[in-house]
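**Student:** Next up, entry_26.cif (mmCIF, C-alpha atoms).
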```
data_entry
loop_
_atom_site.group_PDB
_atom_site.id
_atom_site.type_symbol
_atom_site.label_atom_id
_atom_site.label_comp_id
_atom_site.auth_asym_id
_atom_site.auth_seq_id
_atom_site.Cartn_x
_atom_site.Cartn_y
_atom_site.Cartn_z
ATOM 1 C CA MET A 1 -51.058 -33.601 11.603
ATOM 2 C CA ALA A 2 -48.934 -32.729 8.582
ATOM 3 C CA LEU A 3 -46.188 -35.137 7.654
ATOM 4 C CA PRO A 4 -42.646 -33.743 7.476
ATOM 5 C CA ASP A 5 -41.449 -32.719 4.027
ATOM 6 C CA PRO A 6 -38.725 -35.270 3.076
ATOM 7 C CA ILE A 7 -36.952 -32.735 0.822
ATOM 8 C CA GLU A 8 -36.859 -30.167 3.620
ATOM 9 C CA THR A 9 -35.586 -32.809 6.029
ATOM 10 C CA ILE A 10 -32.745 -33.651 3.639
ATOM 11 C CA ARG A 11 -31.927 -29.967 3.229
ATOM 12 C CA GLU A 12 -31.835 -29.314 6.985
ATOM 13 C CA THR A 13 -29.686 -32.395 7.588
ATOM 14 C CA LEU A 14 -27.211 -31.272 4.943
ATOM 15 C CA VAL A 15 -27.020 -27.753 6.380
ATOM 16 C CA ASP A 16 -26.420 -29.129 9.891
ATOM 17 C CA GLN A 17 -23.660 -31.451 8.668
ATOM 18 C CA VAL A 18 -21.834 -28.633 6.900
ATOM 19 C CA ARG A 19 -22.149 -26.291 9.877
ATOM 20 C CA ASN A 20 -20.765 -28.986 12.157
ATOM 21 C CA VAL A 21 -17.682 -29.285 9.944
ATOM 22 C CA PHE A 22 -16.983 -25.546 9.981
ATOM 23 C CA ASN A 23 -17.951 -24.714 13.563
ATOM 24 C CA ASP A 24 -16.758 -26.126 16.878
ATOM 25 C CA VAL A 25 -20.285 -27.057 17.902
ATOM 26 C CA GLU A 26 -19.036 -29.317 20.710
ATOM 27 C CA ASN A 27 -17.804 -26.180 22.478
ATOM 28 C CA GLY A 28 -20.866 -24.114 21.630
ATOM 29 C CA GLN A 29 -19.527 -22.277 18.570
ATOM 30 C CA GLN A 30 -22.283 -21.134 16.219
ATOM 31 C CA PRO A 31 -22.226 -19.987 12.575
ATOM 32 C CA VAL A 32 -21.482 -16.304 12.014
ATOM 33 C CA PRO A 33 -24.772 -14.450 11.363
ATOM 34 C CA PRO A 34 -24.524 -12.003 8.427
ATOM 35 C CA SER A 35 -24.677 -8.406 9.643
ATOM 36 C CA ASP A 36 -26.154 -5.363 7.937
ATOM 37 C CA ASP A 37 -23.293 -3.402 9.509
ATOM 38 C CA ALA A 38 -20.394 -5.502 8.237
ATOM 39 C CA LEU A 39 -17.202 -4.147 6.720
ATOM 40 C CA PHE A 40 -18.644 -4.896 3.283
ATOM 41 C CA GLY A 41 -22.102 -4.359 1.880
ATOM 42 C CA LYS A 42 -24.592 -7.070 1.045
ATOM 43 C CA ASP A 43 -24.056 -8.607 -2.414
ATOM 44 C CA SER A 44 -20.619 -6.985 -2.709
ATOM 45 C CA PRO A 45 -18.021 -9.082 -4.585
ATOM 46 C CA ILE A 46 -16.157 -10.228 -1.472
ATOM 47 C CA ARG A 47 -19.362 -11.457 0.154
ATOM 48 C CA LEU A 48 -20.448 -13.274 -3.001
ATOM 49 C CA VAL A 49 -17.082 -15.022 -3.390
ATOM 50 C CA HIS A 50 -16.675 -15.899 0.281
ATOM 51 C CA ALA A 51 -20.249 -17.173 0.564
ATOM 52 C CA ASP A 52 -19.690 -20.119 -1.774
ATOM 53 C CA LEU A 53 -18.691 -23.082 0.392
ATOM 54 C CA VAL A 54 -17.204 -25.324 -2.277
ATOM 55 C CA GLY A 55 -15.256 -22.527 -3.905
ATOM 56 C CA MET A 56 -13.855 -21.494 -0.527
ATOM 57 C CA MET A 57 -12.933 -25.065 0.409
ATOM 58 C CA VAL A 58 -11.121 -25.701 -2.873
ATOM 59 C CA GLY A 59 -9.523 -22.268 -2.809
ATOM 60 C CA GLY A 60 -8.570 -22.661 0.838
ATOM 61 C CA VAL A 61 -6.740 -25.929 0.206
ATOM 62 C CA ARG A 62 -4.987 -24.439 -2.822
ATOM 63 C CA SER A 63 -3.857 -21.411 -0.833
ATOM 64 C CA LEU A 64 -2.495 -23.535 2.027
ATOM 65 C CA LEU A 65 -0.470 -25.621 -0.417
ATOM 66 C CA LEU A 66 1.013 -22.465 -1.926
ATOM 67 C CA GLN A 67 1.698 -20.867 1.464
ATOM 68 C CA MET A 68 3.963 -23.765 2.430
ATOM 69 C CA LEU A 69 6.330 -22.917 -0.435
ATOM 70 C CA HIS A 70 7.404 -19.725 1.326
ATOM 71 C CA PRO A 71 10.115 -20.653 3.878
ATOM 72 C CA HIS A 72 8.989 -18.040 6.421
ATOM 73 C CA ALA A 73 5.335 -19.061 6.319
ATOM 74 C CA LEU A 74 6.300 -22.744 6.460
ATOM 75 C CA GLN A 75 8.622 -22.344 9.446
ATOM 76 C CA GLY A 76 5.974 -20.478 11.392
ATOM 77 C CA VAL A 77 3.618 -23.422 10.912
ATOM 78 C CA LEU A 78 6.302 -25.955 11.847
ATOM 79 C CA ASP A 79 7.334 -24.099 15.006
ATOM 80 C CA HIS A 80 4.043 -22.719 16.292
ATOM 81 C CA SER A 81 1.240 -24.986 15.085
ATOM 82 C CA ASN A 82 -0.124 -28.390 16.062
ATOM 83 C CA PHE A 83 -1.085 -29.040 12.440
ATOM 84 C CA ARG A 84 0.031 -32.671 12.592
ATOM 85 C CA GLU A 85 -2.579 -33.410 15.256
ATOM 86 C CA ASP A 86 -5.237 -30.899 14.258
ATOM 87 C CA MET A 87 -5.100 -29.795 10.635
ATOM 88 C CA HIS A 88 -8.892 -29.605 10.671
ATOM 89 C CA GLY A 89 -8.753 -27.157 13.568
ATOM 90 C CA ARG A 90 -6.359 -24.921 11.659
ATOM 91 C CA LEU A 91 -8.583 -24.939 8.586
ATOM 92 C CA ARG A 92 -11.646 -24.281 10.710
ATOM 93 C CA ARG A 93 -10.011 -21.304 12.451
ATOM 94 C CA THR A 94 -9.066 -19.829 9.087
ATOM 95 C CA ALA A 95 -12.631 -20.289 7.853
ATOM 96 C CA ARG A 96 -13.923 -18.604 11.009
ATOM 97 C CA PHE A 97 -11.643 -15.614 10.460
ATOM 98 C CA ILE A 98 -12.846 -15.225 6.869
ATOM 99 C CA ALA A 99 -16.499 -15.540 7.933
ATOM 100 C CA VAL A 100 -16.292 -12.969 10.739
ATOM 101 C CA THR A 101 -14.284 -10.400 8.776
ATOM 102 C CA THR A 102 -16.456 -10.756 5.677
ATOM 103 C CA PHE A 103 -19.968 -11.175 7.075
ATOM 104 C CA GLY A 104 -19.875 -10.322 10.786
ATOM 105 C CA HIS A 105 -20.554 -6.991 12.434
ATOM 106 C CA ARG A 106 -17.696 -4.575 11.822
ATOM 107 C CA ASP A 107 -16.932 -4.429 15.558
ATOM 108 C CA ASP A 108 -16.562 -8.222 15.675
ATOM 109 C CA ALA A 109 -14.437 -8.115 12.533
ATOM 110 C CA THR A 110 -12.127 -5.542 14.110
ATOM 111 C CA LYS A 111 -11.805 -7.604 17.285
ATOM 112 C CA MET A 112 -11.000 -10.714 15.247
ATOM 113 C CA ILE A 113 -8.273 -8.884 13.295
ATOM 114 C CA GLU A 114 -6.787 -7.512 16.524
ATOM 115 C CA ARG A 115 -6.792 -11.010 18.030
ATOM 116 C CA VAL A 116 -4.944 -12.452 15.032
ATOM 117 C CA ASN A 117 -2.430 -9.605 15.160
ATOM 118 C CA ARG A 118 -1.718 -10.434 18.813
ATOM 119 C CA ILE A 119 -1.204 -14.097 17.907
ATOM 120 C CA HIS A 120 1.125 -13.161 15.043
ATOM 121 C CA ALA A 121 3.215 -11.031 17.398
ATOM 122 C CA ARG A 122 4.157 -14.207 19.293
ATOM 123 C CA VAL A 123 5.041 -16.207 16.172
ATOM 124 C CA ASN A 124 8.726 -15.759 15.426
ATOM 125 C CA GLY A 125 11.928 -17.767 15.318
ATOM 126 C CA THR A 126 14.842 -18.728 13.134
ATOM 127 C CA LEU A 127 15.000 -20.484 9.792
ATOM 128 C CA PRO A 128 17.306 -23.517 9.419
ATOM 129 C CA GLY A 129 19.882 -21.238 7.768
ATOM 130 C CA GLY A 130 19.889 -18.827 10.712
ATOM 131 C CA GLN A 131 17.704 -16.098 9.223
ATOM 132 C CA PRO A 132 15.062 -14.736 11.612
ATOM 133 C CA TYR A 133 11.397 -14.862 10.673
ATOM 134 C CA SER A 134 8.261 -13.290 12.097
ATOM 135 C CA ALA A 135 4.574 -13.693 11.360
ATOM 136 C CA THR A 136 4.289 -9.902 11.505
ATOM 137 C CA ASP A 137 6.658 -9.472 8.559
ATOM 138 C CA PRO A 138 4.679 -7.438 5.989
ATOM 139 C CA ARG A 139 6.042 -9.344 3.004
ATOM 140 C CA THR A 140 5.285 -12.777 4.455
ATOM 141 C CA LEU A 141 1.766 -11.576 5.202
ATOM 142 C CA ALA A 142 1.558 -10.276 1.631
ATOM 143 C CA TRP A 143 2.339 -13.766 0.296
ATOM 144 C CA VAL A 144 -0.300 -15.371 2.501
ATOM 145 C CA HIS A 145 -2.822 -12.783 1.381
ATOM 146 C CA VAL A 146 -2.134 -12.926 -2.348
ATOM 147 C CA VAL A 147 -2.362 -16.723 -2.500
ATOM 148 C CA GLU A 148 -5.616 -16.649 -0.531
ATOM 149 C CA ALA A 149 -7.160 -13.931 -2.680
ATOM 150 C CA THR A 150 -6.115 -15.452 -5.998
ATOM 151 C CA SER A 151 -7.167 -18.946 -4.874
ATOM 152 C CA PHE A 152 -10.601 -17.964 -3.543
ATOM 153 C CA LEU A 153 -11.390 -15.925 -6.647
ATOM 154 C CA ALA A 154 -10.040 -18.571 -9.053
ATOM 155 C CA ALA A 155 -12.214 -21.249 -7.451
ATOM 156 C CA TYR A 156 -15.270 -18.983 -7.601
ATOM 157 C CA LEU A 157 -14.665 -18.292 -11.294
ATOM 158 C CA ARG A 158 -14.102 -21.983 -11.992
ATOM 159 C CA HIS A 159 -17.111 -23.355 -10.147
ATOM 160 C CA VAL A 160 -19.661 -20.579 -9.799
ATOM 161 C CA ARG A 161 -19.361 -17.600 -12.086
ATOM 162 C CA PRO A 162 -16.845 -17.891 -14.935
ATOM 163 C CA ASP A 163 -18.362 -14.799 -16.560
ATOM 164 C CA MET A 164 -17.830 -12.549 -13.518
ATOM 165 C CA PRO A 165 -17.038 -9.107 -14.998
ATOM 166 C CA GLY A 166 -13.469 -7.902 -14.692
ATOM 167 C CA HIS A 167 -14.397 -4.779 -12.756
ATOM 168 C CA LEU A 168 -16.103 -6.918 -10.101
ATOM 169 C CA GLN A 169 -13.021 -9.123 -9.861
ATOM 170 C CA ASP A 170 -10.915 -5.996 -9.309
ATOM 171 C CA GLU A 171 -13.382 -4.818 -6.686
ATOM 172 C CA TYR A 172 -12.952 -8.160 -4.899
ATOM 173 C CA TYR A 173 -9.227 -7.521 -4.590
ATOM 174 C CA ARG A 174 -9.833 -3.954 -3.434
ATOM 175 C CA GLN A 175 -12.220 -5.125 -0.717
ATOM 176 C CA PHE A 176 -10.039 -8.019 0.472
ATOM 177 C CA ALA A 177 -7.132 -5.548 0.660
ATOM 178 C CA VAL A 178 -8.908 -3.842 3.568
ATOM 179 C CA ILE A 179 -8.438 -6.943 5.713
ATOM 180 C CA ALA A 180 -4.896 -7.587 4.481
ATOM 181 C CA ARG A 181 -3.745 -4.080 5.364
ATOM 182 C CA ALA A 182 -5.319 -4.326 8.809
ATOM 183 C CA LEU A 183 -3.208 -7.461 9.360
ATOM 184 C CA GLY A 184 -0.059 -5.590 8.329
ATOM 185 C CA ALA A 185 0.505 -7.029 4.840
ATOM 186 C CA ASP A 186 2.525 -4.980 2.362
ATOM 187 C CA PRO A 187 2.389 -4.762 -0.615
ATOM 188 C CA VAL A 188 -1.298 -5.516 -1.103
ATOM 189 C CA PRO A 189 -2.814 -5.843 -4.602
ATOM 190 C CA ILE A 190 -6.028 -3.987 -5.350
ATOM 191 C CA ASN A 191 -6.787 -5.473 -8.785
ATOM 192 C CA ARG A 192 -6.090 -8.501 -10.987
ATOM 193 C CA GLN A 193 -3.034 -6.995 -12.645
ATOM 194 C CA GLU A 194 -1.365 -6.174 -9.337
ATOM 195 C CA ALA A 195 -2.198 -9.605 -7.909
ATOM 196 C CA GLU A 196 -0.683 -11.410 -10.884
ATOM 197 C CA ALA A 197 2.434 -9.209 -10.779
ATOM 198 C CA LEU A 198 2.925 -9.770 -7.045
ATOM 199 C CA PHE A 199 2.490 -13.522 -7.406
ATOM 200 C CA ARG A 200 5.191 -13.577 -10.101
ATOM 201 C CA ASP A 201 7.464 -11.400 -7.982
ATOM 202 C CA PHE A 202 7.351 -13.918 -5.120
ATOM 203 C CA ARG A 203 8.463 -16.802 -7.334
ATOM 204 C CA SER A 204 12.169 -16.296 -6.561
ATOM 205 C CA GLU A 205 11.492 -16.451 -2.792
ATOM 206 C CA LEU A 206 9.776 -19.847 -2.863
ATOM 207 C CA ALA A 207 11.498 -23.109 -2.045
ATOM 208 C CA THR A 208 10.674 -26.784 -1.843
ATOM 209 C CA SER A 209 11.572 -28.988 1.115
ATOM 210 C CA PRO A 210 10.586 -32.286 2.738
ATOM 211 C CA GLN A 211 8.715 -30.287 5.375
ATOM 212 C CA ALA A 212 6.667 -28.406 2.765
ATOM 213 C CA ARG A 213 5.764 -31.704 1.109
ATOM 214 C CA GLU A 214 4.829 -33.199 4.494
ATOM 215 C CA VAL A 215 2.432 -30.346 5.246
ATOM 216 C CA ALA A 216 0.969 -30.579 1.743
ATOM 217 C CA ASN A 217 0.347 -34.283 2.218
ATOM 218 C CA LEU A 218 -1.411 -33.657 5.536
ATOM 219 C CA VAL A 219 -3.552 -30.919 4.011
ATOM 220 C CA LEU A 220 -4.687 -33.323 1.303
ATOM 221 C CA THR A 221 -5.155 -36.451 3.409
ATOM 222 C CA GLN A 222 -6.311 -35.407 6.899
ATOM 223 C CA ARG A 223 -10.090 -35.666 6.735
ATOM 224 C CA PRO A 224 -12.255 -33.250 8.749
ATOM 225 C CA LYS A 225 -14.494 -34.974 11.273
ATOM 226 C CA GLY A 226 -17.845 -35.742 9.688
ATOM 227 C CA ALA A 227 -16.659 -35.259 6.108
ATOM 228 C CA PRO A 228 -16.943 -38.277 3.772
ATOM 229 C CA PRO A 229 -13.583 -39.517 2.377
ATOM 230 C CA ALA A 230 -14.815 -38.983 -1.174
ATOM 231 C CA VAL A 231 -15.411 -35.288 -0.457
ATOM 232 C CA GLN A 232 -11.890 -34.815 0.900
ATOM 233 C CA SER A 233 -10.409 -36.541 -2.158
ATOM 234 C CA MET A 234 -12.570 -34.553 -4.563
ATOM 235 C CA LEU A 235 -11.776 -31.149 -3.065
ATOM 236 C CA GLY A 236 -8.087 -31.946 -2.764
ATOM 237 C CA GLY A 237 -7.921 -33.145 -6.337
ATOM 238 C CA GLU A 238 -9.528 -29.942 -7.557
ATOM 239 C CA ALA A 239 -7.137 -27.813 -5.500
ATOM 240 C CA VAL A 240 -4.132 -29.662 -6.931
ATOM 241 C CA ALA A 241 -5.492 -29.342 -10.471
ATOM 242 C CA MET A 242 -5.710 -25.563 -9.978
ATOM 243 C CA LEU A 243 -2.121 -25.182 -8.783
ATOM 244 C CA PRO A 244 0.471 -23.677 -11.125
ATOM 245 C CA SER A 245 2.620 -26.427 -12.630
ATOM 246 C CA PHE A 246 5.728 -25.194 -10.805
ATOM 247 C CA ALA A 247 3.953 -25.542 -7.436
ATOM 248 C CA ARG A 248 2.790 -29.089 -8.181
ATOM 249 C CA SER A 249 6.353 -29.987 -9.096
ATOM 250 C CA MET A 250 7.827 -28.376 -5.970
ATOM 251 C CA LEU A 251 5.335 -30.186 -3.728
ATOM 252 C CA ASP A 252 5.737 -33.460 -5.616
ATOM 253 C CA LEU A 253 2.043 -33.543 -6.497
ATOM 254 C CA GLU A 254 0.784 -35.033 -9.712
ATOM 255 C CA ARG A 255 -1.956 -33.396 -11.708
ATOM 256 C CA PRO A 256 -5.105 -35.579 -11.498
ATOM 257 C CA GLY A 257 -4.959 -36.187 -15.272
ATOM 258 C CA LEU A 258 -7.895 -38.217 -16.615
ATOM 259 C CA LEU A 259 -9.579 -38.065 -13.210
ATOM 260 C CA ALA A 260 -9.604 -34.245 -13.218
ATOM 261 C CA LEU A 261 -12.707 -33.882 -15.402
ATOM 262 C CA PRO A 262 -14.965 -36.224 -13.358
ATOM 263 C CA GLY A 263 -13.600 -34.649 -10.184
ATOM 264 C CA ARG A 264 -14.423 -31.180 -11.432
ATOM 265 C CA ALA A 265 -17.912 -32.286 -12.441
ATOM 266 C CA ALA A 266 -18.495 -33.872 -9.027
ATOM 267 C CA THR A 267 -17.253 -30.723 -7.296
ATOM 268 C CA TRP A 268 -19.571 -28.624 -9.444
ATOM 269 C CA GLY A 269 -22.484 -30.888 -8.515
ATOM 270 C CA MET A 270 -21.681 -30.671 -4.815
ATOM 271 C CA GLY A 271 -21.466 -26.908 -5.032
ATOM 272 C CA LYS A 272 -24.847 -26.698 -6.748
ATOM 273 C CA THR A 273 -26.376 -28.892 -4.031
ATOM 274 C CA LEU A 274 -24.931 -26.812 -1.203
ATOM 275 C CA ARG A 275 -26.029 -23.546 -2.814
ATOM 276 C CA TRP A 276 -29.549 -24.986 -3.024
ATOM 277 C CA ALA A 277 -29.456 -26.064 0.628
ATOM 278 C CA PHE A 278 -28.213 -22.748 2.017
ATOM 279 C CA ARG A 279 -30.291 -20.533 -0.240
ATOM 280 C CA GLN A 280 -33.594 -21.727 1.189
#
```
What's the structure tokens form of this structure?
**Tutor:**
Amino acid sequence: MALPDPIETIRETLVDQVRNVFNDVENGQQPVPPSDDALFGKDSPIRLVHADLVGMMVGGVRSLLLQMLHPHALQGVLDHSNFREDMHGRLRRTARFIAVTTFGHRDDATKMIERVNRIHARVNGTLPGGQPYSATDPRTLAWVHVVEATSFLAAYLRHVRPDMPGHLQDEYYRQFAVIARALGADPVPINRQEAEALFRDFRSELATSPQAREVANLVLTQRPKGAPPAVQSMLGGEAVAMLPSFARSMLDLERPGLLALPGRAATWGMGKTLRWAFRQ
């Protein structure tokens, strides 16, 4: 009888641990199987970027921090989310949406988008100053989209493929725009130049507040079940290091400083390990 391969055992254990973090396995949720009939073709830029776990985790944290600087996006979270009790659940649901719309069968992707649109239709209210807000507002959705797209791609370039050709980066934005438009976002960038211009255009609409800083603190400190504390600290530190300086200042977050380089190296090492585990 052949003895089990210790390397393969380690690999399988690592894969199971990661899947348990991103899927609600206690309620029977399984990873999204890649489909040959997805919205995007195999090896297309959006599938390459969204397939890298570490890049998506760092980019996801960065995008959430930036989202909270928009008063409309922030108020929707404060009024309609149980983030204080279940930040991990919110992050996991976002990851599930990205996985289904990027890799799942196009019919499942369409159903997922329709489901989110129905949820957004119920998310509305009033800002502290009396101004109404709605999660279906095209411009608010545009902010959420542009910070996600720029964050995911920036993390991929930083940790996986810094030499990714410019035309493939533009194609990433064009592909991700398909999902953003289906959610009702407007305007939606379709290349790097448009994304950078839209990000700058939103600057005057952003605001800091104690509530935004509270959410940012929870994003950075609430550890997903099963994730080692060191991993949470490492990913959060990388996300903060990648924020624009104005955003760090508005959220009262300090740049990691001398710890940034070791943190980046550790994140790179973790990413390399995970890519090895999931490539087998």
**Student:** Would you pick out the contacts of segment 99-105 of chain A at 8 Å or less, using only C-alpha atoms, so that residues sharing its chain but fewer than 2 positions from it are not included, and give the list as a ChimeraX atom specification?
**Tutor:** /A:32-40,46-47,50,95-97,107-110,112-113,179
**Student:** Run through the PyMOL selection byres ((chain A and resi 202-212) around 6) on the given coordinates and return the selected residues as an NGL selection string.
**Tutor:** :A and (68-70 or 199-201 or 213-215 or 250)
**Student:** So that I have them on file, write out the residues from the current selection with C-alpha atoms, as a short mmCIF file (atom, residue, chain, number, x, y, z; two decimals), in the frame of the given file.
**Tutor:**
```cif
data_model
loop_
_atom_site.label_atom_id
_atom_site.label_comp_id
_atom_site.auth_asym_id
_atom_site.auth_seq_id
_atom_site.Cartn_x
_atom_site.Cartn_y
_atom_site.Cartn_z
CA MET A 68 3.96 -23.76 2.43
CA LEU A 69 6.33 -22.92 -0.44
CA HIS A 70 7.40 -19.73 1.33
CA PHE A 199 2.49 -13.52 -7.41
CA ARG A 200 5.19 -13.58 -10.10
CA ASP A 201 7.46 -11.40 -7.98
CA ARG A 213 5.76 -31.70 1.11
CA GLU A 214 4.83 -33.20 4.49
CA VAL A 215 2.43 -30.35 5.25
CA MET A 250 7.83 -28.38 -5.97
#
```
**Student:** To test your reading of the syntax: which residues would the PyMOL selection byres ((chain A and resi 185) around 8) return for the file shown? Reply as a list in words.
**Tutor:**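 That selection, the PyMOL selection byres ((chain A and resi 185) around 8), comes back as Asp137, Pro138, Arg139, Thr140, Leu141, Ala142, His145, Ala180, Arg181, Ala182, Leu183, Gly184, Asp186, Pro187 and Val188 of chain A.
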**Student:** Produce a file of the selected residues containing C-alpha atoms, as an mmCIF file, keeping the file's coordinate frame.
**Tutor:**
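Written out: again25.cif:
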```cif
data_model
loop_
_atom_site.group_PDB
_atom_site.id
_atom_site.type_symbol
_atom_site.label_atom_id
_atom_site.label_comp_id
_atom_site.auth_asym_id
_atom_site.auth_seq_id
_atom_site.Cartn_x
_atom_site.Cartn_y
_atom_site.Cartn_z
ATOM 1 C CA ASP A 137 6.658 -9.472 8.559
ATOM 2 C CA PRO A 138 4.679 -7.438 5.989
ATOM 3 C CA ARG A 139 6.042 -9.344 3.004
ATOM 4 C CA THR A 140 5.285 -12.777 4.455
ATOM 5 C CA LEU A 141 1.766 -11.576 5.202
ATOM 6 C CA ALA A 142 1.558 -10.276 1.631
ATOM 7 C CA HIS A 145 -2.822 -12.783 1.381
ATOM 8 C CA ALA A 180 -4.896 -7.587 4.481
ATOM 9 C CA ARG A 181 -3.745 -4.080 5.364
ATOM 10 C CA ALA A 182 -5.319 -4.326 8.809
ATOM 11 C CA LEU A 183 -3.208 -7.461 9.360
ATOM 12 C CA GLY A 184 -0.059 -5.590 8.329
ATOM 13 C CA ASP A 186 2.525 -4.980 2.362
ATOM 14 C CA PRO A 187 2.389 -4.762 -0.615
ATOM 15 C CA VAL A 188 -1.298 -5.516 -1.103
#
```
**Student:** Between atom CA of Pro71 of chain A and atom CA of Val146 of chain A, what is the distance, to one decimal in Å?
**Tutor:** 15.8 Å
**Student:** Kindly give the distance, in Å, that separates atom CA of Arg248 of chain A and atom CA of Gly60 of chain A, rounded to a single decimal.
**Tutor:**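 So the two atoms, atom CA of Arg248 of chain A and atom CA of Gly60 of chain A, lie 15.9 Å apart.
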**Student:** Quick one: residues within 10 Å of Met57 of chain A, all atoms listed in the file counted, chain neighbours fewer than 5 positions away excluded, as a ChimeraX atom specification?
**Tutor:** /A:50,52,62-63,91,95,151-152,155,232,235-236,238-239
**Student:** Smallest atom-to-atom distance to Leu66 of chain A: which of A:Val144, A:Asp170, A:Pro189, A:Arg161, using only C-alpha atoms?
**Tutor:**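 With only C-alpha atoms as the atom set, the closest residue is A:Val144.
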**Student:** Please evaluate the PyMOL selection byres ((chain A and resi 80) around 10) against the displayed coordinates and give the resulting residues as an MDAnalysis selection string.
**Tutor:** chainID A and resid 75:79 81:83 122:125
**Student:** Go through A:Ala51, A:Leu251, A:His72, A:Ala216 and flag the residue nearest Pro128 of chain A, using only C-alpha atoms for the distances.
**Tutor:**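 Among the listed residues, the smallest separation from Pro128 of chain A belongs to A:His72.
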**Student:** Quote the spacing between atom CA of Thr136 of chain A and atom CA of Ala121 of chain A in Å to one decimal place.
**Tutor:**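 Separating atom CA of Thr136 of chain A from atom CA of Ala121 of chain A is a distance of 6.1 Å.
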